[in-house]
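**Student:** File final.cif below, mmCIF, C-alpha atoms:
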```
data_target
loop_
_atom_site.group_PDB
_atom_site.id
_atom_site.type_symbol
_atom_site.label_atom_id
_atom_site.label_comp_id
_atom_site.auth_asym_id
_atom_site.auth_seq_id
_atom_site.Cartn_x
_atom_site.Cartn_y
_atom_site.Cartn_z
ATOM 1 C CA MET A 9 11.780 11.618 -3.559
ATOM 2 C CA PRO A 10 14.355 12.373 -6.245
ATOM 3 C CA CYS A 11 11.868 12.558 -9.084
ATOM 4 C CA SER A 12 12.339 16.107 -10.328
ATOM 5 C CA SER A 13 15.238 15.315 -12.612
ATOM 6 C CA ARG A 14 16.740 12.477 -14.581
ATOM 7 C CA HIS A 15 20.205 13.765 -13.769
ATOM 8 C CA ARG A 16 20.929 11.602 -10.745
ATOM 9 C CA ALA A 17 24.327 10.923 -9.263
ATOM 10 C CA PRO A 18 26.187 7.851 -10.562
ATOM 11 C CA GLY A 19 24.859 4.755 -8.860
ATOM 12 C CA ASP A 20 21.832 6.565 -7.456
ATOM 13 C CA ASP A 21 19.301 4.236 -9.023
ATOM 14 C CA ARG A 22 17.203 3.381 -5.965
ATOM 15 C CA LEU A 23 13.492 3.887 -6.308
ATOM 16 C CA ILE A 24 12.344 5.659 -3.160
ATOM 17 C CA ASN A 25 8.717 4.665 -2.919
ATOM 18 C CA PRO A 26 6.192 4.359 -0.073
ATOM 19 C CA VAL A 27 4.944 1.033 -1.429
ATOM 20 C CA HIS A 28 6.464 -1.046 1.377
ATOM 21 C CA ALA A 29 5.266 1.219 4.175
ATOM 22 C CA ALA A 30 1.760 1.192 2.705
ATOM 23 C CA ALA A 31 2.003 -2.580 2.181
ATOM 24 C CA ALA A 32 2.558 -3.140 5.904
ATOM 25 C CA VAL A 33 -0.736 -1.397 6.706
ATOM 26 C CA ALA A 34 -2.663 -2.904 3.795
ATOM 27 C CA LEU A 35 -1.562 -6.510 4.343
ATOM 28 C CA THR A 36 -2.368 -6.341 8.029
ATOM 29 C CA LEU A 37 -5.867 -4.990 7.371
ATOM 30 C CA LEU A 38 -6.461 -7.513 4.586
ATOM 31 C CA LEU A 39 -5.666 -10.415 6.909
ATOM 32 C CA TRP A 40 -6.999 -8.943 10.158
ATOM 33 C CA GLY A 41 -9.812 -6.733 8.863
ATOM 34 C CA ASP A 42 -12.525 -8.732 10.617
ATOM 35 C CA ARG A 43 -10.630 -8.739 13.924
ATOM 36 C CA PHE A 44 -9.966 -5.017 13.565
ATOM 37 C CA LEU A 45 -13.649 -4.191 13.053
ATOM 38 C CA ALA A 46 -14.719 -6.527 15.854
ATOM 39 C CA ALA A 47 -12.248 -4.947 18.268
ATOM 40 C CA TRP A 48 -12.987 -1.395 17.146
ATOM 41 C CA ILE A 49 -16.803 -1.644 16.971
ATOM 42 C CA ASP A 50 -18.402 -5.086 17.425
ATOM 43 C CA ALA A 51 -18.789 -8.542 15.918
ATOM 44 C CA GLU A 52 -21.822 -7.530 13.838
ATOM 45 C CA MET A 53 -19.847 -4.794 12.106
ATOM 46 C CA ALA A 54 -17.034 -7.279 11.475
ATOM 47 C CA ALA A 55 -19.452 -9.696 9.817
ATOM 48 C CA ARG A 56 -21.116 -7.007 7.707
ATOM 49 C CA GLY A 57 -18.143 -4.793 6.888
ATOM 50 C CA SER A 58 -15.107 -7.044 6.425
ATOM 51 C CA PHE A 59 -15.631 -7.440 2.679
ATOM 52 C CA THR A 60 -16.015 -3.699 2.150
ATOM 53 C CA LEU A 61 -12.967 -2.934 4.270
ATOM 54 C CA ARG A 62 -10.754 -5.393 2.414
ATOM 55 C CA VAL A 63 -11.911 -4.236 -1.007
ATOM 56 C CA LEU A 64 -11.256 -0.589 -0.145
ATOM 57 C CA VAL A 65 -7.882 -1.398 1.415
ATOM 58 C CA ILE A 66 -6.632 -2.853 -1.872
ATOM 59 C CA GLY A 67 -7.699 0.216 -3.811
ATOM 60 C CA PHE A 68 -6.395 2.823 -1.402
ATOM 61 C CA TRP A 69 -3.108 0.915 -1.029
ATOM 62 C CA LEU A 70 -2.375 1.277 -4.732
ATOM 63 C CA LEU A 71 -3.751 4.811 -4.894
ATOM 64 C CA SER A 72 -1.656 5.975 -1.932
ATOM 65 C CA VAL A 73 1.484 4.701 -3.626
ATOM 66 C CA GLY A 74 0.498 5.883 -7.099
ATOM 67 C CA SER A 75 -0.263 9.400 -5.871
ATOM 68 C CA PHE A 76 3.448 9.934 -5.216
ATOM 69 C CA ASP A 77 4.218 8.896 -8.777
ATOM 70 C CA GLY A 78 1.383 11.124 -9.989
ATOM 71 C CA GLY A 79 3.032 14.057 -8.215
ATOM 72 C CA CYS A 80 6.248 13.275 -10.046
ATOM 73 C CA ILE A 81 4.398 13.143 -13.384
ATOM 74 C CA GLU A 82 2.863 16.542 -12.756
ATOM 75 C CA GLY A 83 6.244 17.820 -11.587
ATOM 76 C CA TRP A 84 7.473 17.024 -15.087
ATOM 77 C CA ASN A 85 4.647 19.198 -16.456
ATOM 78 C CA ARG A 86 2.493 16.297 -17.633
ATOM 79 C CA PRO A 87 -0.841 16.999 -15.888
ATOM 80 C CA ARG A 88 -2.767 15.774 -18.915
ATOM 81 C CA LEU A 89 -1.452 12.258 -18.272
ATOM 82 C CA THR A 90 -2.692 12.190 -14.696
ATOM 83 C CA PHE A 91 -6.055 13.568 -15.840
ATOM 84 C CA MET A 92 -6.425 10.803 -18.439
ATOM 85 C CA ILE A 93 -5.469 8.161 -15.880
ATOM 86 C CA SER A 94 -8.036 9.486 -13.406
ATOM 87 C CA LEU A 95 -10.689 9.648 -16.126
ATOM 88 C CA ALA A 96 -9.996 6.025 -17.060
ATOM 89 C CA GLY A 97 -10.311 5.087 -13.401
ATOM 90 C CA ILE A 98 -13.644 6.884 -13.051
ATOM 91 C CA VAL A 99 -15.118 5.254 -16.153
ATOM 92 C CA THR A 100 -13.896 1.793 -15.143
ATOM 93 C CA GLY A 101 -15.067 2.233 -11.565
ATOM 94 C CA LEU A 102 -18.571 3.263 -12.652
ATOM 95 C CA ALA A 103 -18.787 0.285 -15.000
ATOM 96 C CA VAL A 104 -17.685 -2.154 -12.291
ATOM 97 C CA ALA A 105 -20.095 -0.632 -9.751
ATOM 98 C CA ALA A 106 -23.019 -0.922 -12.171
ATOM 99 C CA ALA A 107 -22.168 -4.521 -13.073
ATOM 100 C CA ALA A 108 -21.644 -5.491 -9.422
ATOM 101 C CA ASN A 109 -24.983 -3.982 -8.412
ATOM 102 C CA LEU A 110 -26.752 -6.039 -11.068
ATOM 103 C CA MET A 111 -24.997 -9.273 -10.123
ATOM 104 C CA LEU A 112 -24.891 -8.907 -6.334
ATOM 105 C CA SER A 113 -27.994 -6.776 -5.685
ATOM 106 C CA ASP A 114 -25.977 -5.162 -2.897
ATOM 107 C CA ILE A 115 -25.495 -1.435 -3.335
ATOM 108 C CA ALA A 116 -22.910 -1.168 -0.539
ATOM 109 C CA ALA A 117 -20.702 -3.882 -2.035
ATOM 110 C CA ALA A 118 -21.165 -2.413 -5.521
ATOM 111 C CA VAL A 119 -20.072 1.035 -4.367
ATOM 112 C CA ALA A 120 -17.058 -0.413 -2.571
ATOM 113 C CA LEU A 121 -16.025 -2.373 -5.676
ATOM 114 C CA GLY A 122 -16.470 0.704 -7.872
ATOM 115 C CA VAL A 123 -14.434 2.973 -5.602
ATOM 116 C CA SER A 124 -11.707 0.350 -5.245
ATOM 117 C CA THR A 125 -11.591 -0.188 -9.007
ATOM 118 C CA TYR A 126 -11.120 3.541 -9.571
ATOM 119 C CA ALA A 127 -8.315 3.586 -6.994
ATOM 120 C CA VAL A 128 -6.597 0.536 -8.501
ATOM 121 C CA VAL A 129 -6.722 1.907 -12.046
ATOM 122 C CA ALA A 130 -5.618 5.405 -11.009
ATOM 123 C CA GLY A 131 -2.870 4.202 -8.688
ATOM 124 C CA ALA A 132 -1.469 1.499 -10.947
ATOM 125 C CA GLY A 133 -1.761 3.746 -13.991
ATOM 126 C CA GLN A 134 0.292 6.495 -12.384
ATOM 127 C CA MET A 135 2.939 4.002 -11.283
ATOM 128 C CA ILE A 136 3.223 2.517 -14.770
ATOM 129 C CA VAL A 137 3.390 5.916 -16.493
ATOM 130 C CA TRP A 138 6.010 7.221 -14.067
ATOM 131 C CA GLN A 139 8.098 4.087 -14.552
ATOM 132 C CA ARG A 140 8.087 4.669 -18.297
ATOM 133 C CA LEU A 141 8.896 8.376 -17.965
ATOM 134 C CA SER A 142 11.714 7.890 -15.468
ATOM 135 C CA HIS A 143 13.142 4.850 -17.291
ATOM 136 C CA TYR A 144 13.480 2.644 -14.232
ATOM 137 C CA PRO A 145 14.285 -0.850 -15.576
ATOM 138 C CA PRO A 146 11.467 -3.398 -15.106
ATOM 139 C CA ALA A 147 13.973 -5.827 -13.579
ATOM 140 C CA PHE A 148 14.847 -3.232 -10.935
ATOM 141 C CA LEU A 149 11.164 -2.748 -10.051
ATOM 142 C CA LEU A 150 10.621 -6.491 -9.879
ATOM 143 C CA ARG A 151 13.629 -7.092 -7.641
ATOM 144 C CA HIS A 152 13.450 -4.061 -5.335
ATOM 145 C CA VAL A 153 9.733 -3.241 -5.253
ATOM 146 C CA LEU A 154 7.502 -6.188 -6.143
ATOM 147 C CA LEU A 155 9.580 -9.048 -4.701
ATOM 148 C CA PRO A 156 9.747 -7.521 -1.188
ATOM 149 C CA VAL A 157 5.954 -7.066 -1.266
ATOM 150 C CA VAL A 158 5.530 -10.747 -2.170
ATOM 151 C CA GLU A 159 7.846 -11.694 0.697
ATOM 152 C CA MET A 160 5.919 -9.425 3.084
ATOM 153 C CA SER A 161 2.655 -11.032 1.944
ATOM 154 C CA ALA A 162 4.005 -14.523 2.648
ATOM 155 C CA LEU A 163 5.318 -13.429 6.053
ATOM 156 C CA ALA A 164 1.977 -11.824 6.947
ATOM 157 C CA ALA A 165 0.013 -14.907 5.836
ATOM 158 C CA LEU A 166 2.195 -17.291 7.841
ATOM 159 C CA ALA A 167 2.055 -15.087 10.924
ATOM 160 C CA SER A 168 -1.717 -14.832 10.650
ATOM 161 C CA LEU A 169 -2.139 -18.599 10.282
ATOM 162 C CA TRP A 170 -0.184 -19.023 13.488
ATOM 163 C CA LEU A 171 -1.661 -16.129 15.491
ATOM 164 C CA ARG A 172 -5.366 -16.093 14.594
ATOM 165 C CA PRO A 173 -6.215 -19.363 16.434
ATOM 166 C CA VAL A 174 -4.527 -18.206 19.643
ATOM 167 C CA ILE A 175 -5.395 -14.486 19.746
ATOM 168 C CA GLU A 176 -8.714 -13.617 21.360
ATOM 169 C CA GLY A 177 -10.208 -10.466 22.814
ATOM 170 C CA ARG A 178 -10.208 -6.802 21.870
ATOM 171 C CA THR A 179 -6.926 -5.741 23.469
ATOM 172 C CA ALA A 180 -4.961 -8.749 22.231
ATOM 173 C CA SER A 181 -6.302 -8.301 18.690
ATOM 174 C CA ILE A 182 -5.360 -4.618 18.537
ATOM 175 C CA VAL A 183 -1.888 -5.236 19.998
ATOM 176 C CA THR A 184 -1.287 -8.094 17.555
ATOM 177 C CA LEU A 185 -2.484 -6.002 14.618
ATOM 178 C CA LEU A 186 -0.124 -3.142 15.501
ATOM 179 C CA ALA A 187 2.779 -5.526 16.164
ATOM 180 C CA LEU A 188 2.294 -7.313 12.838
ATOM 181 C CA MET A 189 2.120 -3.964 11.072
ATOM 182 C CA ALA A 190 5.384 -2.854 12.706
ATOM 183 C CA VAL A 191 7.169 -6.118 11.861
ATOM 184 C CA LEU A 192 6.088 -5.958 8.211
ATOM 185 C CA ALA A 193 7.152 -2.307 7.945
ATOM 186 C CA ALA A 194 10.555 -3.107 9.466
ATOM 187 C CA TYR A 195 11.002 -6.012 7.051
ATOM 188 C CA GLY A 196 10.088 -3.791 4.108
ATOM 189 C CA VAL A 197 12.636 -1.179 5.177
ATOM 190 C CA TRP A 198 15.303 -3.849 5.672
ATOM 191 C CA ARG A 199 14.649 -5.345 2.215
ATOM 192 C CA THR A 200 14.565 -1.994 0.453
ATOM 193 C CA LEU A 201 17.553 -0.153 1.908
ATOM 194 C CA SER A 202 21.222 -1.032 1.655
ATOM 195 C CA GLY A 203 23.450 -1.505 4.667
ATOM 196 C CA ASP A 204 24.815 2.031 4.434
ATOM 197 C CA GLU A 205 21.311 3.469 4.133
ATOM 198 C CA LEU A 206 20.127 1.455 7.141
ATOM 199 C CA ARG A 207 23.028 2.745 9.230
ATOM 200 C CA ALA A 208 22.334 6.315 8.127
ATOM 201 C CA LEU A 209 18.648 5.908 8.985
ATOM 202 C CA GLY A 210 19.518 4.442 12.359
ATOM 203 C CA GLY A 211 21.844 7.338 13.071
ATOM 204 C CA ARG A 212 19.128 9.870 12.259
ATOM 205 C CA LEU A 213 16.650 8.094 14.523
ATOM 206 C CA VAL A 214 19.084 7.808 17.427
ATOM 207 C CA SER A 215 20.676 11.269 17.216
ATOM 208 C CA PRO A 216 17.703 13.162 18.780
ATOM 209 C CA LEU A 217 17.824 10.760 21.739
ATOM 210 C CA LEU A 218 21.537 11.294 22.176
ATOM 211 C CA ARG A 219 21.106 15.077 22.162
ATOM 212 C CA THR A 220 18.589 14.902 25.005
ATOM 213 C CA THR A 221 20.787 12.769 27.257
#
```
The structure in this file should be written as structure tokens.

**Tutor:**
Amino acid sequence: MPCSSRHRAPGDDRLINPVHAAAAVALTLLLWGDRFLAAWIDAEMAARGSFTLRVLVIGFWLLSVGSFDGGCIEGWNRPRLTFMISLAGIVTGLAVAAAANLMLSDIAAAVALGVSTYAVVAGAGQMIVWQRLSHYPPAFLLRHVLLPVVEMSALAALASLWLRPVIEGRTASIVTLLALMAVLAAYGVWRTLSGDELRALGGRLVSPLLRTT
């Protein structure tokens, strides 16, 4: 990740970010979380744990992406910023957990909401701060980061509407989940990288195979 310096080569304005790879996993679990738990454990766990899984997936998705940006912030010798962002996340998460426990009377759901809120605030905060420090234009982020995620979300929703009624059983559910994850990841890579970058990536993936033949 070229985040250690503002002095990039001319035209090197691409934001290299794991958001699309993480989105493939997160979107699949959001839409197939109940099937995943049912196939992994049993139907009772799916009924009891789907909400918690989906809430935590949202938080850890943003936190996993934001942690890369947080590393860049600290690489620029700004650890105080990441500390303040984490502190804001902790305070907000505790407040949400307390309010959710009062309203829902469900300690497990309240804890999940609190942890996810912390992760959302910390992850999104680090992304926003790094964007401001690195001076990536908002239009660039919208076009190359957020728009592909919206497209991936629509693709995942349509695929799930079509597949969920026809997919049954543990093995079929797991295979479908992994296949959907792979398709979304491939789409994210295709939308993010240019033609030259895709060819270079393909060459790197194929070269070890060619050396062994």

**Student:** Please write as JSON, numbers by chain the full residue list that the PyMOL selection byres ((chain A and resi 69) around 10) yields on this file.

**Tutor:** {"A": [26, 27, 29, 30, 31, 32, 33, 34, 35, 64, 65, 66, 67, 68, 70, 71, 72, 73, 74, 124, 127, 128, 131]}

**Student:** Go ahead and save the picked residues with C-alpha atoms, as a tab-separated table (two decimals), in the coordinates of the input.

**Tutor:**
```tsv
chain	number	residue	atom	x	y	z
A	26	PRO	CA	6.19	4.36	-0.07
A	27	VAL	CA	4.94	1.03	-1.43
A	29	ALA	CA	5.27	1.22	4.18
A	30	ALA	CA	1.76	1.19	2.70
A	31	ALA	CA	2.00	-2.58	2.18
A	32	ALA	CA	2.56	-3.14	5.90
A	33	VAL	CA	-0.74	-1.40	6.71
A	34	ALA	CA	-2.66	-2.90	3.80
A	35	LEU	CA	-1.56	-6.51	4.34
A	64	LEU	CA	-11.26	-0.59	-0.14
A	65	VAL	CA	-7.88	-1.40	1.42
A	66	ILE	CA	-6.63	-2.85	-1.87
A	67	GLY	CA	-7.70	0.22	-3.81
A	68	PHE	CA	-6.40	2.82	-1.40
A	70	LEU	CA	-2.38	1.28	-4.73
A	71	LEU	CA	-3.75	4.81	-4.89
A	72	SER	CA	-1.66	5.98	-1.93
A	73	VAL	CA	1.48	4.70	-3.63
A	74	GLY	CA	0.50	5.88	-7.10
A	124	SER	CA	-11.71	0.35	-5.24
A	127	ALA	CA	-8.32	3.59	-6.99
A	128	VAL	CA	-6.60	0.54	-8.50
A	131	GLY	CA	-2.87	4.20	-8.69
```

**Student:** What is the CA of Leu61 in chain A-CA of Leu38 in chain A distance in Å, reported with one decimal?

**Tutor:**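 Here the two named atoms are 8.0 Å from each other.
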
**Student:** Could you state the separation of CA of Ile98 in chain A and CA of Leu37 in chain A in Å, given to one decimal place?

**Tutor:**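 Taking CA of Ile98 in chain A and CA of Leu37 in chain A, their separation equals 24.9 Å.
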
**Student:** Choose the residue, out of A:Leu186, A:Leu201, A:Leu141, A:Leu121, that has the smallest atom-to-atom separation from Leu89 in chain A; count all atoms listed in the file.

**Tutor:**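 Using all atoms listed in the file, the shortest distance to Leu89 in chain A belongs to A:Leu141.
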
**Student:** I'd like to know which of A:Ala164, A:Ala51, A:Leu39, A:Ala96 is closest to Ala130 in chain A, using only C-alpha atoms.

**Tutor:** A:Ala96

**Student:** When you count all atoms listed in the file, which of these residues is closest to Ala165 in chain A: A:Ile182, A:Leu112, A:Met92, A:Leu188?

**Tutor:**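 Result for the nearest residue to Ala165 in chain A: A:Leu188.
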
**Student:** Convert the output of the PyMOL selection byres ((chain A and resi 78-80) around 7) on the shown file into explicit residues, formatted as a list in words.

**Tutor:**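 Written out, the selection comes to Cys11, Ser12, Gly74, Ser75, Phe76, Asp77, Ile81, Glu82, Gly83, Trp84, Thr90 and Gln134 of chain A.
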
**Student:** Keeping N, CA and C atoms (and nothing else), can you write range 108-145 of chain A of this structure as a PDB file, in the first residue's frame?

**Tutor:**
```
ATOM      1  N   ALA A 108     -29.268  -0.304  24.024  1.00  0.00           N
ATOM      2  CA  ALA A 108     -29.871  -1.503  23.447  1.00  0.00           C
ATOM      3  C   ALA A 108     -30.305  -2.482  24.527  1.00  0.00           C
ATOM      4  N   ASN A 109     -29.529  -2.593  25.593  1.00  0.00           N
ATOM      5  CA  ASN A 109     -29.907  -3.504  26.678  1.00  0.00           C
ATOM      6  C   ASN A 109     -31.190  -3.047  27.362  1.00  0.00           C
ATOM      7  N   LEU A 110     -31.360  -1.738  27.498  1.00  0.00           N
ATOM      8  CA  LEU A 110     -32.585  -1.218  28.100  1.00  0.00           C
ATOM      9  C   LEU A 110     -33.794  -1.435  27.198  1.00  0.00           C
ATOM     10  N   MET A 111     -33.607  -1.241  25.895  1.00  0.00           N
ATOM     11  CA  MET A 111     -34.737  -1.338  24.973  1.00  0.00           C
ATOM     12  C   MET A 111     -35.072  -2.771  24.598  1.00  0.00           C
ATOM     13  N   LEU A 112     -34.039  -3.619  24.444  1.00  0.00           N
ATOM     14  CA  LEU A 112     -34.272  -4.982  23.966  1.00  0.00           C
ATOM     15  C   LEU A 112     -34.331  -6.012  25.077  1.00  0.00           C
ATOM     16  N   SER A 113     -33.757  -5.680  26.242  1.00  0.00           N
ATOM     17  CA  SER A 113     -33.654  -6.637  27.353  1.00  0.00           C
ATOM     18  C   SER A 113     -32.987  -7.933  26.896  1.00  0.00           C
ATOM     19  N   ASP A 114     -32.005  -7.786  26.043  1.00  0.00           N
ATOM     20  CA  ASP A 114     -31.269  -8.939  25.495  1.00  0.00           C
ATOM     21  C   ASP A 114     -29.789  -8.592  25.558  1.00  0.00           C
ATOM     22  N   ILE A 115     -29.083  -9.139  26.529  1.00  0.00           N
ATOM     23  CA  ILE A 115     -27.704  -8.764  26.750  1.00  0.00           C
ATOM     24  C   ILE A 115     -26.815  -9.176  25.579  1.00  0.00           C
ATOM     25  N   ALA A 116     -27.117 -10.332  24.964  1.00  0.00           N
ATOM     26  CA  ALA A 116     -26.293 -10.789  23.839  1.00  0.00           C
ATOM     27  C   ALA A 116     -26.416  -9.833  22.658  1.00  0.00           C
ATOM     28  N   ALA A 117     -27.642  -9.436  22.327  1.00  0.00           N
ATOM     29  CA  ALA A 117     -27.840  -8.500  21.222  1.00  0.00           C
ATOM     30  C   ALA A 117     -27.234  -7.144  21.549  1.00  0.00           C
ATOM     31  N   ALA A 118     -27.350  -6.717  22.811  1.00  0.00           N
ATOM     32  CA  ALA A 118     -26.792  -5.425  23.214  1.00  0.00           C
ATOM     33  C   ALA A 118     -25.273  -5.416  23.082  1.00  0.00           C
ATOM     34  N   VAL A 119     -24.634  -6.500  23.497  1.00  0.00           N
ATOM     35  CA  VAL A 119     -23.180  -6.586  23.377  1.00  0.00           C
ATOM     36  C   VAL A 119     -22.767  -6.576  21.913  1.00  0.00           C
ATOM     37  N   ALA A 120     -23.485  -7.337  21.090  1.00  0.00           N
ATOM     38  CA  ALA A 120     -23.161  -7.369  19.663  1.00  0.00           C
ATOM     39  C   ALA A 120     -23.298  -5.984  19.033  1.00  0.00           C
ATOM     40  N   LEU A 121     -24.361  -5.268  19.363  1.00  0.00           N
ATOM     41  CA  LEU A 121     -24.565  -3.922  18.829  1.00  0.00           C
ATOM     42  C   LEU A 121     -23.475  -2.970  19.319  1.00  0.00           C
ATOM     43  N   GLY A 122     -23.082  -3.104  20.582  1.00  0.00           N
ATOM     44  CA  GLY A 122     -22.025  -2.240  21.111  1.00  0.00           C
ATOM     45  C   GLY A 122     -20.691  -2.494  20.447  1.00  0.00           C
ATOM     46  N   VAL A 123     -20.328  -3.770  20.302  1.00  0.00           N
ATOM     47  CA  VAL A 123     -19.052  -4.106  19.654  1.00  0.00           C
ATOM     48  C   VAL A 123     -19.061  -3.646  18.204  1.00  0.00           C
ATOM     49  N   SER A 124     -20.171  -3.880  17.506  1.00  0.00           N
ATOM     50  CA  SER A 124     -20.250  -3.466  16.105  1.00  0.00           C
ATOM     51  C   SER A 124     -20.184  -1.949  15.966  1.00  0.00           C
ATOM     52  N   THR A 125     -20.831  -1.235  16.895  1.00  0.00           N
ATOM     53  CA  THR A 125     -20.776   0.228  16.841  1.00  0.00           C
ATOM     54  C   THR A 125     -19.348   0.730  17.018  1.00  0.00           C
ATOM     55  N   TYR A 126     -18.629   0.154  17.990  1.00  0.00           N
ATOM     56  CA  TYR A 126     -17.217   0.521  18.141  1.00  0.00           C
ATOM     57  C   TYR A 126     -16.453   0.293  16.843  1.00  0.00           C
ATOM     58  N   ALA A 127     -16.652  -0.881  16.225  1.00  0.00           N
ATOM     59  CA  ALA A 127     -15.918  -1.215  15.009  1.00  0.00           C
ATOM     60  C   ALA A 127     -16.277  -0.271  13.860  1.00  0.00           C
ATOM     61  N   VAL A 128     -17.552   0.074  13.751  1.00  0.00           N
ATOM     62  CA  VAL A 128     -17.978   0.990  12.679  1.00  0.00           C
ATOM     63  C   VAL A 128     -17.356   2.367  12.873  1.00  0.00           C
ATOM     64  N   VAL A 129     -17.427   2.885  14.095  1.00  0.00           N
ATOM     65  CA  VAL A 129     -16.875   4.221  14.355  1.00  0.00           C
ATOM     66  C   VAL A 129     -15.358   4.227  14.159  1.00  0.00           C
ATOM     67  N   ALA A 130     -14.671   3.212  14.694  1.00  0.00           N
ATOM     68  CA  ALA A 130     -13.217   3.168  14.562  1.00  0.00           C
ATOM     69  C   ALA A 130     -12.796   2.969  13.120  1.00  0.00           C
ATOM     70  N   GLY A 131     -13.449   2.042  12.421  1.00  0.00           N
ATOM     71  CA  GLY A 131     -13.078   1.788  11.032  1.00  0.00           C
ATOM     72  C   GLY A 131     -13.376   2.957  10.124  1.00  0.00           C
ATOM     73  N   ALA A 132     -14.607   3.473  10.185  1.00  0.00           N
ATOM     74  CA  ALA A 132     -14.976   4.595   9.332  1.00  0.00           C
ATOM     75  C   ALA A 132     -14.173   5.846   9.687  1.00  0.00           C
ATOM     76  N   GLY A 133     -13.926   6.045  10.975  1.00  0.00           N
ATOM     77  CA  GLY A 133     -13.141   7.214  11.377  1.00  0.00           C
ATOM     78  C   GLY A 133     -11.738   7.195  10.805  1.00  0.00           C
ATOM     79  N   GLN A 134     -11.094   6.035  10.841  1.00  0.00           N
ATOM     80  CA  GLN A 134      -9.742   5.940  10.291  1.00  0.00           C
ATOM     81  C   GLN A 134      -9.740   6.145   8.782  1.00  0.00           C
ATOM     82  N   MET A 135     -10.765   5.630   8.101  1.00  0.00           N
ATOM     83  CA  MET A 135     -10.841   5.833   6.655  1.00  0.00           C
ATOM     84  C   MET A 135     -11.014   7.307   6.309  1.00  0.00           C
ATOM     85  N   ILE A 136     -11.887   7.984   7.049  1.00  0.00           N
ATOM     86  CA  ILE A 136     -12.143   9.401   6.774  1.00  0.00           C
ATOM     87  C   ILE A 136     -10.888  10.246   7.048  1.00  0.00           C
ATOM     88  N   VAL A 137     -10.240   9.990   8.180  1.00  0.00           N
ATOM     89  CA  VAL A 137      -9.040  10.759   8.527  1.00  0.00           C
ATOM     90  C   VAL A 137      -7.929  10.518   7.513  1.00  0.00           C
ATOM     91  N   TRP A 138      -7.737   9.270   7.099  1.00  0.00           N
ATOM     92  CA  TRP A 138      -6.685   8.994   6.121  1.00  0.00           C
ATOM     93  C   TRP A 138      -6.993   9.640   4.774  1.00  0.00           C
ATOM     94  N   GLN A 139      -8.265   9.658   4.401  1.00  0.00           N
ATOM     95  CA  GLN A 139      -8.638  10.323   3.150  1.00  0.00           C
ATOM     96  C   GLN A 139      -8.293  11.799   3.197  1.00  0.00           C
ATOM     97  N   ARG A 140      -8.510  12.430   4.333  1.00  0.00           N
ATOM     98  CA  ARG A 140      -8.205  13.855   4.454  1.00  0.00           C
ATOM     99  C   ARG A 140      -6.697  14.095   4.486  1.00  0.00           C
ATOM    100  N   LEU A 141      -5.948  13.206   5.138  1.00  0.00           N
ATOM    101  CA  LEU A 141      -4.501  13.380   5.202  1.00  0.00           C
ATOM    102  C   LEU A 141      -3.840  13.144   3.849  1.00  0.00           C
ATOM    103  N   SER A 142      -4.312  12.144   3.130  1.00  0.00           N
ATOM    104  CA  SER A 142      -3.679  11.778   1.860  1.00  0.00           C
ATOM    105  C   SER A 142      -4.219  12.565   0.675  1.00  0.00           C
ATOM    106  N   HIS A 143      -5.291  13.333   0.905  1.00  0.00           N
ATOM    107  CA  HIS A 143      -5.861  14.207  -0.125  1.00  0.00           C
ATOM    108  C   HIS A 143      -6.380  13.443  -1.340  1.00  0.00           C
ATOM    109  N   TYR A 144      -6.928  12.249  -1.110  1.00  0.00           N
ATOM    110  CA  TYR A 144      -7.638  11.583  -2.195  1.00  0.00           C
ATOM    111  C   TYR A 144      -8.948  12.328  -2.434  1.00  0.00           C
ATOM    112  N   PRO A 145      -9.258  12.671  -3.690  1.00  0.00           N
ATOM    113  CA  PRO A 145     -10.485  13.433  -3.966  1.00  0.00           C
ATOM    114  C   PRO A 145     -11.726  12.609  -3.616  1.00  0.00           C
TER     115      PRO A 145
END
```
